[in-house]
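Novice: Supplied in structure tokens, the structure appears directly below.
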Amino acid sequence: MGSNYYRLKEMAFDGQETYFEVLHVEFENVAEVKVYPNPVKGHELSVAIEREAIREISIYDQQGRHWQRVVFPETHIALIEVVFLPAGMYTFAITTENRTVYKRVLRQ
């Protein structure tokens, strides 16, 4: 969060160094998306975020297959049924009004 400054240094195979200009990057105070429990053993999973509303959650397996899409009226906590998911690793694409966050979830 806040102001950060970065300067890259490149080192060639012959040992020559090149410095690049300093870049200023401003990070916003973004709310963290929480997915729990993870790993999930039961039938339901919670997704929570402060200061932003969850609009949509999509679930993908490791092969990129789309398993489910759930659309929400503006909510900060969503309960997702996962009883239909076989054991394995999944990616949850959580979309708010401002961004999409990707979280990996292990279904046991």
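Residue numbering restarts at 1 for every chain of the structure tokens, chains are lettered A, B, ... in their displayed order, and ligands are numbered from 1 as they appear.
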Determine, counting only C-alpha atoms, which protein, DNA and RNA residues have an atom within 6 Å of an atom of segment 37-52 of chain A; residues of the same chain fewer than 6 positions away are not included. Present the result as a short mmCIF file (atom, residue, chain, number, x, y, z; two decimals) with C-alpha atoms, in the first residue's frame.
Specialist:
data_model
loop_
_atom_site.label_atom_id
_atom_site.label_comp_id
_atom_site.auth_asym_id
_atom_site.auth_seq_id
_atom_site.Cartn_x
_atom_site.Cartn_y
_atom_site.Cartn_z
CA ALA A 31 -9.82 -5.12 0.33
CA HIS A 76 -20.10 -8.97 0.99
CA ILE A 77 -20.33 -12.64 2.03
CA ALA A 78 -21.30 -15.47 -0.32
CA LEU A 79 -21.90 -19.12 0.50
CA ILE A 80 -21.09 -21.50 -2.36
CA GLU A 81 -22.29 -25.10 -2.50
CA VAL A 82 -19.38 -27.35 -3.52
CA VAL A 83 -20.90 -30.76 -2.89
CA VAL A 105 -9.26 -23.83 -3.62
CA LEU A 106 -8.58 -27.47 -2.77
CA ARG A 107 -11.66 -29.68 -2.57
CA GLN A 108 -10.98 -32.81 -0.48
#
Novice: Which polymer residues have any atom within 10 Å of an atom of Ile59 of chain A, counting only C-alpha atoms, with same-chain residues fewer than 6 positions away left out, as a VMD selection string?
Specialist: chain A and resid 65 to 70 82 85 90 to 94 102 to 105
Novice: Next, the residues of the selection above should be written as a PDB file, in the first residue's frame with N, CA and C atoms.
Specialist:
ATOM      1  N   ARG A  65     -11.940 -26.214 -17.432  1.00  0.00           N
ATOM      2  CA  ARG A  65     -13.372 -26.450 -17.626  1.00  0.00           C
ATOM      3  C   ARG A  65     -14.177 -25.628 -16.632  1.00  0.00           C
ATOM      4  N   HIS A  66     -15.229 -25.013 -17.113  1.00  0.00           N
ATOM      5  CA  HIS A  66     -16.106 -24.182 -16.280  1.00  0.00           C
ATOM      6  C   HIS A  66     -17.130 -25.081 -15.584  1.00  0.00           C
ATOM      7  N   TRP A  67     -17.164 -25.031 -14.237  1.00  0.00           N
ATOM      8  CA  TRP A  67     -18.065 -25.881 -13.478  1.00  0.00           C
ATOM      9  C   TRP A  67     -19.330 -25.165 -13.040  1.00  0.00           C
ATOM     10  N   GLN A  68     -19.188 -23.911 -12.644  1.00  0.00           N
ATOM     11  CA  GLN A  68     -20.362 -23.212 -12.115  1.00  0.00           C
ATOM     12  C   GLN A  68     -20.157 -21.708 -12.206  1.00  0.00           C
ATOM     13  N   ARG A  69     -21.257 -20.985 -12.389  1.00  0.00           N
ATOM     14  CA  ARG A  69     -21.260 -19.522 -12.344  1.00  0.00           C
ATOM     15  C   ARG A  69     -22.439 -19.106 -11.480  1.00  0.00           C
ATOM     16  N   VAL A  70     -22.155 -18.298 -10.456  1.00  0.00           N
ATOM     17  CA  VAL A  70     -23.198 -17.829  -9.556  1.00  0.00           C
ATOM     18  C   VAL A  70     -23.173 -16.309  -9.576  1.00  0.00           C
ATOM     19  N   VAL A  82     -20.436 -26.668  -2.773  1.00  0.00           N
ATOM     20  CA  VAL A  82     -19.376 -27.349  -3.517  1.00  0.00           C
ATOM     21  C   VAL A  82     -19.537 -28.865  -3.477  1.00  0.00           C
ATOM     22  N   LEU A  85     -18.652 -30.815  -6.616  1.00  0.00           N
ATOM     23  CA  LEU A  85     -17.282 -30.808  -7.137  1.00  0.00           C
ATOM     24  C   LEU A  85     -16.532 -32.064  -6.701  1.00  0.00           C
ATOM     25  N   TYR A  90      -9.260 -26.233  -7.714  1.00  0.00           N
ATOM     26  CA  TYR A  90     -10.137 -25.387  -8.512  1.00  0.00           C
ATOM     27  C   TYR A  90      -9.693 -23.934  -8.408  1.00  0.00           C
ATOM     28  N   THR A  91     -10.028 -23.162  -9.421  1.00  0.00           N
ATOM     29  CA  THR A  91      -9.806 -21.719  -9.403  1.00  0.00           C
ATOM     30  C   THR A  91     -11.163 -21.047  -9.313  1.00  0.00           C
ATOM     31  N   PHE A  92     -11.294 -20.172  -8.320  1.00  0.00           N
ATOM     32  CA  PHE A  92     -12.507 -19.388  -8.158  1.00  0.00           C
ATOM     33  C   PHE A  92     -12.223 -17.990  -8.687  1.00  0.00           C
ATOM     34  N   ALA A  93     -12.984 -17.551  -9.684  1.00  0.00           N
ATOM     35  CA  ALA A  93     -12.876 -16.196 -10.221  1.00  0.00           C
ATOM     36  C   ALA A  93     -13.961 -15.377  -9.543  1.00  0.00           C
ATOM     37  N   ILE A  94     -13.538 -14.472  -8.643  1.00  0.00           N
ATOM     38  CA  ILE A  94     -14.463 -13.684  -7.843  1.00  0.00           C
ATOM     39  C   ILE A  94     -14.484 -12.268  -8.411  1.00  0.00           C
ATOM     40  N   TYR A 102      -8.591 -14.025  -8.453  1.00  0.00           N
ATOM     41  CA  TYR A 102      -8.534 -15.468  -8.650  1.00  0.00           C
ATOM     42  C   TYR A 102      -7.966 -16.132  -7.398  1.00  0.00           C
ATOM     43  N   LYS A 103      -8.708 -17.087  -6.857  1.00  0.00           N
ATOM     44  CA  LYS A 103      -8.263 -17.825  -5.676  1.00  0.00           C
ATOM     45  C   LYS A 103      -8.290 -19.311  -5.976  1.00  0.00           C
ATOM     46  N   ARG A 104      -7.228 -20.003  -5.543  1.00  0.00           N
ATOM     47  CA  ARG A 104      -7.180 -21.460  -5.711  1.00  0.00           C
ATOM     48  C   ARG A 104      -7.773 -22.114  -4.477  1.00  0.00           C
ATOM     49  N   VAL A 105      -8.576 -23.141  -4.704  1.00  0.00           N
ATOM     50  CA  VAL A 105      -9.261 -23.832  -3.622  1.00  0.00           C
ATOM     51  C   VAL A 105      -9.066 -25.330  -3.822  1.00  0.00           C
TER      52      VAL A 105
END
Novice: Using DSSP assignments from the backbone, pull out every residue in chain A that falls under strand (DSSP E or B) and give it to me as a PDB file with N, CA and C atoms, in the first residue's frame.
Specialist:
ATOM      1  N   GLY A   2       0.357   2.312  -0.511  1.00  0.00           N
ATOM      2  CA  GLY A   2       1.082   3.567  -0.508  1.00  0.00           C
ATOM      3  C   GLY A   2       2.040   3.683  -1.663  1.00  0.00           C
ATOM      4  N   SER A   3       3.012   4.569  -1.508  1.00  0.00           N
ATOM      5  CA  SER A   3       3.981   4.839  -2.564  1.00  0.00           C
ATOM      6  C   SER A   3       5.142   3.860  -2.516  1.00  0.00           C
ATOM      7  N   ASN A   4       5.527   3.384  -3.680  1.00  0.00           N
ATOM      8  CA  ASN A   4       6.686   2.518  -3.816  1.00  0.00           C
ATOM      9  C   ASN A   4       7.496   2.993  -5.003  1.00  0.00           C
ATOM     10  N   TYR A   5       8.816   2.869  -4.900  1.00  0.00           N
ATOM     11  CA  TYR A   5       9.714   3.283  -5.966  1.00  0.00           C
ATOM     12  C   TYR A   5      10.558   2.092  -6.387  1.00  0.00           C
ATOM     13  N   TYR A   6      10.687   1.898  -7.693  1.00  0.00           N
ATOM     14  CA  TYR A   6      11.436   0.772  -8.232  1.00  0.00           C
ATOM     15  C   TYR A   6      12.447   1.266  -9.258  1.00  0.00           C
ATOM     16  N   LYS A   9      17.944  -2.914 -12.499  1.00  0.00           N
ATOM     17  CA  LYS A   9      19.346  -2.995 -12.908  1.00  0.00           C
ATOM     18  C   LYS A   9      19.485  -4.252 -13.749  1.00  0.00           C
ATOM     19  N   GLU A  10      20.051  -4.086 -14.944  1.00  0.00           N
ATOM     20  CA  GLU A  10      20.269  -5.217 -15.836  1.00  0.00           C
ATOM     21  C   GLU A  10      21.760  -5.522 -15.872  1.00  0.00           C
ATOM     22  N   MET A  11      22.094  -6.789 -15.730  1.00  0.00           N
ATOM     23  CA  MET A  11      23.491  -7.181 -15.802  1.00  0.00           C
ATOM     24  C   MET A  11      23.655  -8.128 -16.991  1.00  0.00           C
ATOM     25  N   GLU A  17      26.690  -3.395 -16.564  1.00  0.00           N
ATOM     26  CA  GLU A  17      25.448  -3.098 -15.855  1.00  0.00           C
ATOM     27  C   GLU A  17      24.752  -1.897 -16.486  1.00  0.00           C
ATOM     28  N   THR A  18      23.446  -1.965 -16.563  1.00  0.00           N
ATOM     29  CA  THR A  18      22.634  -0.856 -17.053  1.00  0.00           C
ATOM     30  C   THR A  18      21.549  -0.587 -16.028  1.00  0.00           C
ATOM     31  N   TYR A  19      21.407   0.685 -15.628  1.00  0.00           N
ATOM     32  CA  TYR A  19      20.351   1.089 -14.698  1.00  0.00           C
ATOM     33  C   TYR A  19      19.251   1.798 -15.467  1.00  0.00           C
ATOM     34  N   LEU A  23      10.909   4.306 -11.195  1.00  0.00           N
ATOM     35  CA  LEU A  23       9.469   4.350 -11.432  1.00  0.00           C
ATOM     36  C   LEU A  23       8.737   4.469 -10.112  1.00  0.00           C
ATOM     37  N   HIS A  24       7.718   5.302 -10.087  1.00  0.00           N
ATOM     38  CA  HIS A  24       6.870   5.465  -8.908  1.00  0.00           C
ATOM     39  C   HIS A  24       5.579   4.686  -9.133  1.00  0.00           C
ATOM     40  N   VAL A  25       5.223   3.842  -8.168  1.00  0.00           N
ATOM     41  CA  VAL A  25       3.991   3.068  -8.240  1.00  0.00           C
ATOM     42  C   VAL A  25       3.200   3.345  -6.977  1.00  0.00           C
ATOM     43  N   GLU A  26       1.931   3.710  -7.156  1.00  0.00           N
ATOM     44  CA  GLU A  26       1.044   4.000  -6.029  1.00  0.00           C
ATOM     45  C   GLU A  26       0.055   2.848  -5.884  1.00  0.00           C
ATOM     46  N   PHE A  27       0.089   2.175  -4.740  1.00  0.00           N
ATOM     47  CA  PHE A  27      -0.830   1.076  -4.485  1.00  0.00           C
ATOM     48  C   PHE A  27      -1.992   1.575  -3.651  1.00  0.00           C
ATOM     49  N   VAL A  33      -9.789 -10.484  -0.484  1.00  0.00           N
ATOM     50  CA  VAL A  33     -10.852 -11.471  -0.675  1.00  0.00           C
ATOM     51  C   VAL A  33     -10.457 -12.712   0.109  1.00  0.00           C
ATOM     52  N   LYS A  34     -11.350 -13.157   0.984  1.00  0.00           N
ATOM     53  CA  LYS A  34     -11.077 -14.341   1.806  1.00  0.00           C
ATOM     54  C   LYS A  34     -11.969 -15.489   1.357  1.00  0.00           C
ATOM     55  N   VAL A  35     -11.367 -16.663   1.190  1.00  0.00           N
ATOM     56  CA  VAL A  35     -12.087 -17.873   0.816  1.00  0.00           C
ATOM     57  C   VAL A  35     -11.791 -18.905   1.892  1.00  0.00           C
ATOM     58  N   TYR A  36     -12.831 -19.421   2.539  1.00  0.00           N
ATOM     59  CA  TYR A  36     -12.621 -20.345   3.645  1.00  0.00           C
ATOM     60  C   TYR A  36     -13.807 -21.287   3.799  1.00  0.00           C
ATOM     61  N   VAL A  40     -11.398 -27.288   1.508  1.00  0.00           N
ATOM     62  CA  VAL A  40     -12.789 -27.481   1.905  1.00  0.00           C
ATOM     63  C   VAL A  40     -13.106 -28.973   1.899  1.00  0.00           C
ATOM     64  N   GLU A  44     -19.924 -26.725   1.745  1.00  0.00           N
ATOM     65  CA  GLU A  44     -20.098 -25.307   1.456  1.00  0.00           C
ATOM     66  C   GLU A  44     -18.827 -24.533   1.755  1.00  0.00           C
ATOM     67  N   LEU A  45     -18.655 -23.453   1.018  1.00  0.00           N
ATOM     68  CA  LEU A  45     -17.471 -22.606   1.090  1.00  0.00           C
ATOM     69  C   LEU A  45     -17.939 -21.161   1.218  1.00  0.00           C
ATOM     70  N   SER A  46     -17.226 -20.353   1.997  1.00  0.00           N
ATOM     71  CA  SER A  46     -17.571 -18.940   2.151  1.00  0.00           C
ATOM     72  C   SER A  46     -16.562 -18.073   1.419  1.00  0.00           C
ATOM     73  N   VAL A  47     -17.054 -17.023   0.792  1.00  0.00           N
ATOM     74  CA  VAL A  47     -16.225 -16.014   0.143  1.00  0.00           C
ATOM     75  C   VAL A  47     -16.631 -14.685   0.757  1.00  0.00           C
ATOM     76  N   ALA A  48     -15.636 -13.936   1.271  1.00  0.00           N
ATOM     77  CA  ALA A  48     -15.947 -12.676   1.954  1.00  0.00           C
ATOM     78  C   ALA A  48     -14.985 -11.586   1.512  1.00  0.00           C
ATOM     79  N   ILE A  49     -15.515 -10.354   1.461  1.00  0.00           N
ATOM     80  CA  ILE A  49     -14.706  -9.188   1.118  1.00  0.00           C
ATOM     81  C   ILE A  49     -15.345  -7.966   1.771  1.00  0.00           C
ATOM     82  N   ILE A  54     -19.582  -8.487  -3.901  1.00  0.00           N
ATOM     83  CA  ILE A  54     -19.339  -9.614  -4.794  1.00  0.00           C
ATOM     84  C   ILE A  54     -20.468  -9.617  -5.823  1.00  0.00           C
ATOM     85  N   ARG A  55     -20.108  -9.657  -7.090  1.00  0.00           N
ATOM     86  CA  ARG A  55     -21.112  -9.678  -8.155  1.00  0.00           C
ATOM     87  C   ARG A  55     -21.283 -11.073  -8.749  1.00  0.00           C
ATOM     88  N   GLU A  56     -20.165 -11.785  -8.899  1.00  0.00           N
ATOM     89  CA  GLU A  56     -20.219 -13.077  -9.583  1.00  0.00           C
ATOM     90  C   GLU A  56     -19.050 -13.938  -9.146  1.00  0.00           C
ATOM     91  N   ILE A  57     -19.280 -15.251  -9.060  1.00  0.00           N
ATOM     92  CA  ILE A  57     -18.211 -16.214  -8.789  1.00  0.00           C
ATOM     93  C   ILE A  57     -18.315 -17.321  -9.820  1.00  0.00           C
ATOM     94  N   SER A  58     -17.188 -17.602 -10.487  1.00  0.00           N
ATOM     95  CA  SER A  58     -17.116 -18.701 -11.443  1.00  0.00           C
ATOM     96  C   SER A  58     -16.067 -19.685 -10.952  1.00  0.00           C
ATOM     97  N   ILE A  59     -16.325 -20.968 -11.173  1.00  0.00           N
ATOM     98  CA  ILE A  59     -15.428 -22.028 -10.709  1.00  0.00           C
ATOM     99  C   ILE A  59     -14.901 -22.788 -11.917  1.00  0.00           C
ATOM    100  N   TYR A  60     -13.557 -22.960 -11.965  1.00  0.00           N
ATOM    101  CA  TYR A  60     -12.887 -23.672 -13.050  1.00  0.00           C
ATOM    102  C   TYR A  60     -11.997 -24.756 -12.460  1.00  0.00           C
ATOM    103  N   ASP A  61     -11.893 -25.893 -13.160  1.00  0.00           N
ATOM    104  CA  ASP A  61     -10.965 -26.931 -12.714  1.00  0.00           C
ATOM    105  C   ASP A  61      -9.588 -26.676 -13.330  1.00  0.00           C
ATOM    106  N   HIS A  66     -15.229 -25.013 -17.113  1.00  0.00           N
ATOM    107  CA  HIS A  66     -16.106 -24.182 -16.280  1.00  0.00           C
ATOM    108  C   HIS A  66     -17.130 -25.081 -15.584  1.00  0.00           C
ATOM    109  N   TRP A  67     -17.164 -25.031 -14.237  1.00  0.00           N
ATOM    110  CA  TRP A  67     -18.065 -25.881 -13.478  1.00  0.00           C
ATOM    111  C   TRP A  67     -19.330 -25.165 -13.040  1.00  0.00           C
ATOM    112  N   GLN A  68     -19.188 -23.911 -12.644  1.00  0.00           N
ATOM    113  CA  GLN A  68     -20.362 -23.212 -12.115  1.00  0.00           C
ATOM    114  C   GLN A  68     -20.157 -21.708 -12.206  1.00  0.00           C
ATOM    115  N   ARG A  69     -21.257 -20.985 -12.389  1.00  0.00           N
ATOM    116  CA  ARG A  69     -21.260 -19.522 -12.344  1.00  0.00           C
ATOM    117  C   ARG A  69     -22.439 -19.106 -11.480  1.00  0.00           C
ATOM    118  N   VAL A  70     -22.155 -18.298 -10.456  1.00  0.00           N
ATOM    119  CA  VAL A  70     -23.198 -17.829  -9.556  1.00  0.00           C
ATOM    120  C   VAL A  70     -23.173 -16.309  -9.576  1.00  0.00           C
ATOM    121  N   VAL A  71     -24.327 -15.692  -9.811  1.00  0.00           N
ATOM    122  CA  VAL A  71     -24.452 -14.236  -9.813  1.00  0.00           C
ATOM    123  C   VAL A  71     -25.165 -13.828  -8.529  1.00  0.00           C
ATOM    124  N   PHE A  72     -24.674 -12.749  -7.916  1.00  0.00           N
ATOM    125  CA  PHE A  72     -25.217 -12.300  -6.636  1.00  0.00           C
ATOM    126  C   PHE A  72     -25.761 -10.889  -6.742  1.00  0.00           C
ATOM    127  N   PRO A  73     -26.840 -10.604  -5.979  1.00  0.00           N
ATOM    128  CA  PRO A  73     -27.145  -9.195  -5.746  1.00  0.00           C
ATOM    129  C   PRO A  73     -26.023  -8.692  -4.842  1.00  0.00           C
ATOM    130  N   GLU A  74     -25.826  -7.447  -4.724  1.00  0.00           N
ATOM    131  CA  GLU A  74     -24.673  -6.924  -3.980  1.00  0.00           C
ATOM    132  C   GLU A  74     -24.599  -7.522  -2.583  1.00  0.00           C
ATOM    133  N   THR A  75     -23.518  -8.273  -2.347  1.00  0.00           N
ATOM    134  CA  THR A  75     -23.304  -8.906  -1.056  1.00  0.00           C
ATOM    135  C   THR A  75     -21.817  -8.895  -0.729  1.00  0.00           C
ATOM    136  N   ILE A  77     -20.631 -11.249   1.651  1.00  0.00           N
ATOM    137  CA  ILE A  77     -20.329 -12.639   2.028  1.00  0.00           C
ATOM    138  C   ILE A  77     -21.196 -13.555   1.169  1.00  0.00           C
ATOM    139  N   ALA A  78     -20.569 -14.525   0.530  1.00  0.00           N
ATOM    140  CA  ALA A  78     -21.300 -15.468  -0.318  1.00  0.00           C
ATOM    141  C   ALA A  78     -21.013 -16.882   0.137  1.00  0.00           C
ATOM    142  N   LEU A  79     -22.040 -17.704   0.193  1.00  0.00           N
ATOM    143  CA  LEU A  79     -21.898 -19.122   0.495  1.00  0.00           C
ATOM    144  C   LEU A  79     -22.062 -19.892  -0.810  1.00  0.00           C
ATOM    145  N   ILE A  80     -21.096 -20.735  -1.112  1.00  0.00           N
ATOM    146  CA  ILE A  80     -21.088 -21.496  -2.359  1.00  0.00           C
ATOM    147  C   ILE A  80     -21.199 -22.983  -2.033  1.00  0.00           C
ATOM    148  N   GLU A  81     -22.177 -23.654  -2.625  1.00  0.00           N
ATOM    149  CA  GLU A  81     -22.295 -25.103  -2.496  1.00  0.00           C
ATOM    150  C   GLU A  81     -21.222 -25.753  -3.356  1.00  0.00           C
ATOM    151  N   GLY A  88     -10.225 -32.220  -5.828  1.00  0.00           N
ATOM    152  CA  GLY A  88      -9.240 -31.662  -6.747  1.00  0.00           C
ATOM    153  C   GLY A  88      -9.016 -30.186  -6.488  1.00  0.00           C
ATOM    154  N   MET A  89      -8.191 -29.578  -7.327  1.00  0.00           N
ATOM    155  CA  MET A  89      -7.862 -28.162  -7.214  1.00  0.00           C
ATOM    156  C   MET A  89      -8.734 -27.367  -8.179  1.00  0.00           C
ATOM    157  N   TYR A  90      -9.260 -26.233  -7.714  1.00  0.00           N
ATOM    158  CA  TYR A  90     -10.137 -25.387  -8.512  1.00  0.00           C
ATOM    159  C   TYR A  90      -9.693 -23.934  -8.408  1.00  0.00           C
ATOM    160  N   THR A  91     -10.028 -23.162  -9.421  1.00  0.00           N
ATOM    161  CA  THR A  91      -9.806 -21.719  -9.403  1.00  0.00           C
ATOM    162  C   THR A  91     -11.163 -21.047  -9.313  1.00  0.00           C
ATOM    163  N   PHE A  92     -11.294 -20.172  -8.320  1.00  0.00           N
ATOM    164  CA  PHE A  92     -12.507 -19.388  -8.158  1.00  0.00           C
ATOM    165  C   PHE A  92     -12.223 -17.990  -8.687  1.00  0.00           C
ATOM    166  N   ALA A  93     -12.984 -17.551  -9.684  1.00  0.00           N
ATOM    167  CA  ALA A  93     -12.876 -16.196 -10.221  1.00  0.00           C
ATOM    168  C   ALA A  93     -13.961 -15.377  -9.543  1.00  0.00           C
ATOM    169  N   ILE A  94     -13.538 -14.472  -8.643  1.00  0.00           N
ATOM    170  CA  ILE A  94     -14.463 -13.684  -7.843  1.00  0.00           C
ATOM    171  C   ILE A  94     -14.484 -12.268  -8.411  1.00  0.00           C
ATOM    172  N   THR A  95     -15.636 -11.867  -8.951  1.00  0.00           N
ATOM    173  CA  THR A  95     -15.756 -10.567  -9.592  1.00  0.00           C
ATOM    174  C   THR A  95     -16.535  -9.614  -8.700  1.00  0.00           C
ATOM    175  N   THR A  96     -15.947  -8.434  -8.464  1.00  0.00           N
ATOM    176  CA  THR A  96     -16.614  -7.356  -7.730  1.00  0.00           C
ATOM    177  C   THR A  96     -16.956  -6.267  -8.742  1.00  0.00           C
ATOM    178  N   THR A 100     -11.514  -8.479 -10.761  1.00  0.00           N
ATOM    179  CA  THR A 100     -11.697  -9.926 -10.637  1.00  0.00           C
ATOM    180  C   THR A 100     -10.468 -10.480  -9.932  1.00  0.00           C
ATOM    181  N   VAL A 101     -10.707 -11.262  -8.887  1.00  0.00           N
ATOM    182  CA  VAL A 101      -9.642 -11.871  -8.089  1.00  0.00           C
ATOM    183  C   VAL A 101      -9.739 -13.383  -8.288  1.00  0.00           C
ATOM    184  N   TYR A 102      -8.591 -14.025  -8.453  1.00  0.00           N
ATOM    185  CA  TYR A 102      -8.534 -15.468  -8.650  1.00  0.00           C
ATOM    186  C   TYR A 102      -7.966 -16.132  -7.398  1.00  0.00           C
ATOM    187  N   LYS A 103      -8.708 -17.087  -6.857  1.00  0.00           N
ATOM    188  CA  LYS A 103      -8.263 -17.825  -5.676  1.00  0.00           C
ATOM    189  C   LYS A 103      -8.290 -19.311  -5.976  1.00  0.00           C
ATOM    190  N   ARG A 104      -7.228 -20.003  -5.543  1.00  0.00           N
ATOM    191  CA  ARG A 104      -7.180 -21.460  -5.711  1.00  0.00           C
ATOM    192  C   ARG A 104      -7.773 -22.114  -4.477  1.00  0.00           C
ATOM    193  N   VAL A 105      -8.576 -23.141  -4.704  1.00  0.00           N
ATOM    194  CA  VAL A 105      -9.261 -23.832  -3.622  1.00  0.00           C
ATOM    195  C   VAL A 105      -9.066 -25.330  -3.822  1.00  0.00           C
ATOM    196  N   LEU A 106      -8.730 -26.019  -2.744  1.00  0.00           N
ATOM    197  CA  LEU A 106      -8.577 -27.471  -2.768  1.00  0.00           C
ATOM    198  C   LEU A 106      -9.842 -28.099  -2.205  1.00  0.00           C
ATOM    199  N   ARG A 107     -10.488 -28.937  -3.003  1.00  0.00           N
ATOM    200  CA  ARG A 107     -11.655 -29.684  -2.566  1.00  0.00           C
ATOM    201  C   ARG A 107     -11.206 -31.089  -2.210  1.00  0.00           C
TER     202      ARG A 107
END
Novice: Between atom CA of Glu21 of chain A and atom CA of Leu8 of chain A, what is the distance in Å, rounded to a tenth?
Specialist: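 Between atom CA of Glu21 of chain A and atom CA of Leu8 of chain A the gap works out to 7.5 Å.
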Novice: May I ask for the distance between atom CA of Gln63 of chain A and atom CA of Pro86 of chain A, given in Å to one decimal place?
Specialist: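 Value for the atom CA of Gln63 of chain A-atom CA of Pro86 of chain A distance: 13.4 Å.
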Novice: Which residue gives the smallest distance to Arg99 of chain A among A:Phe84, A:Ala53, A:Gln16, A:Gln62, with only C-alpha atoms counted?
Specialist: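 Under the stated criterion, the closest residue is A:Ala53.
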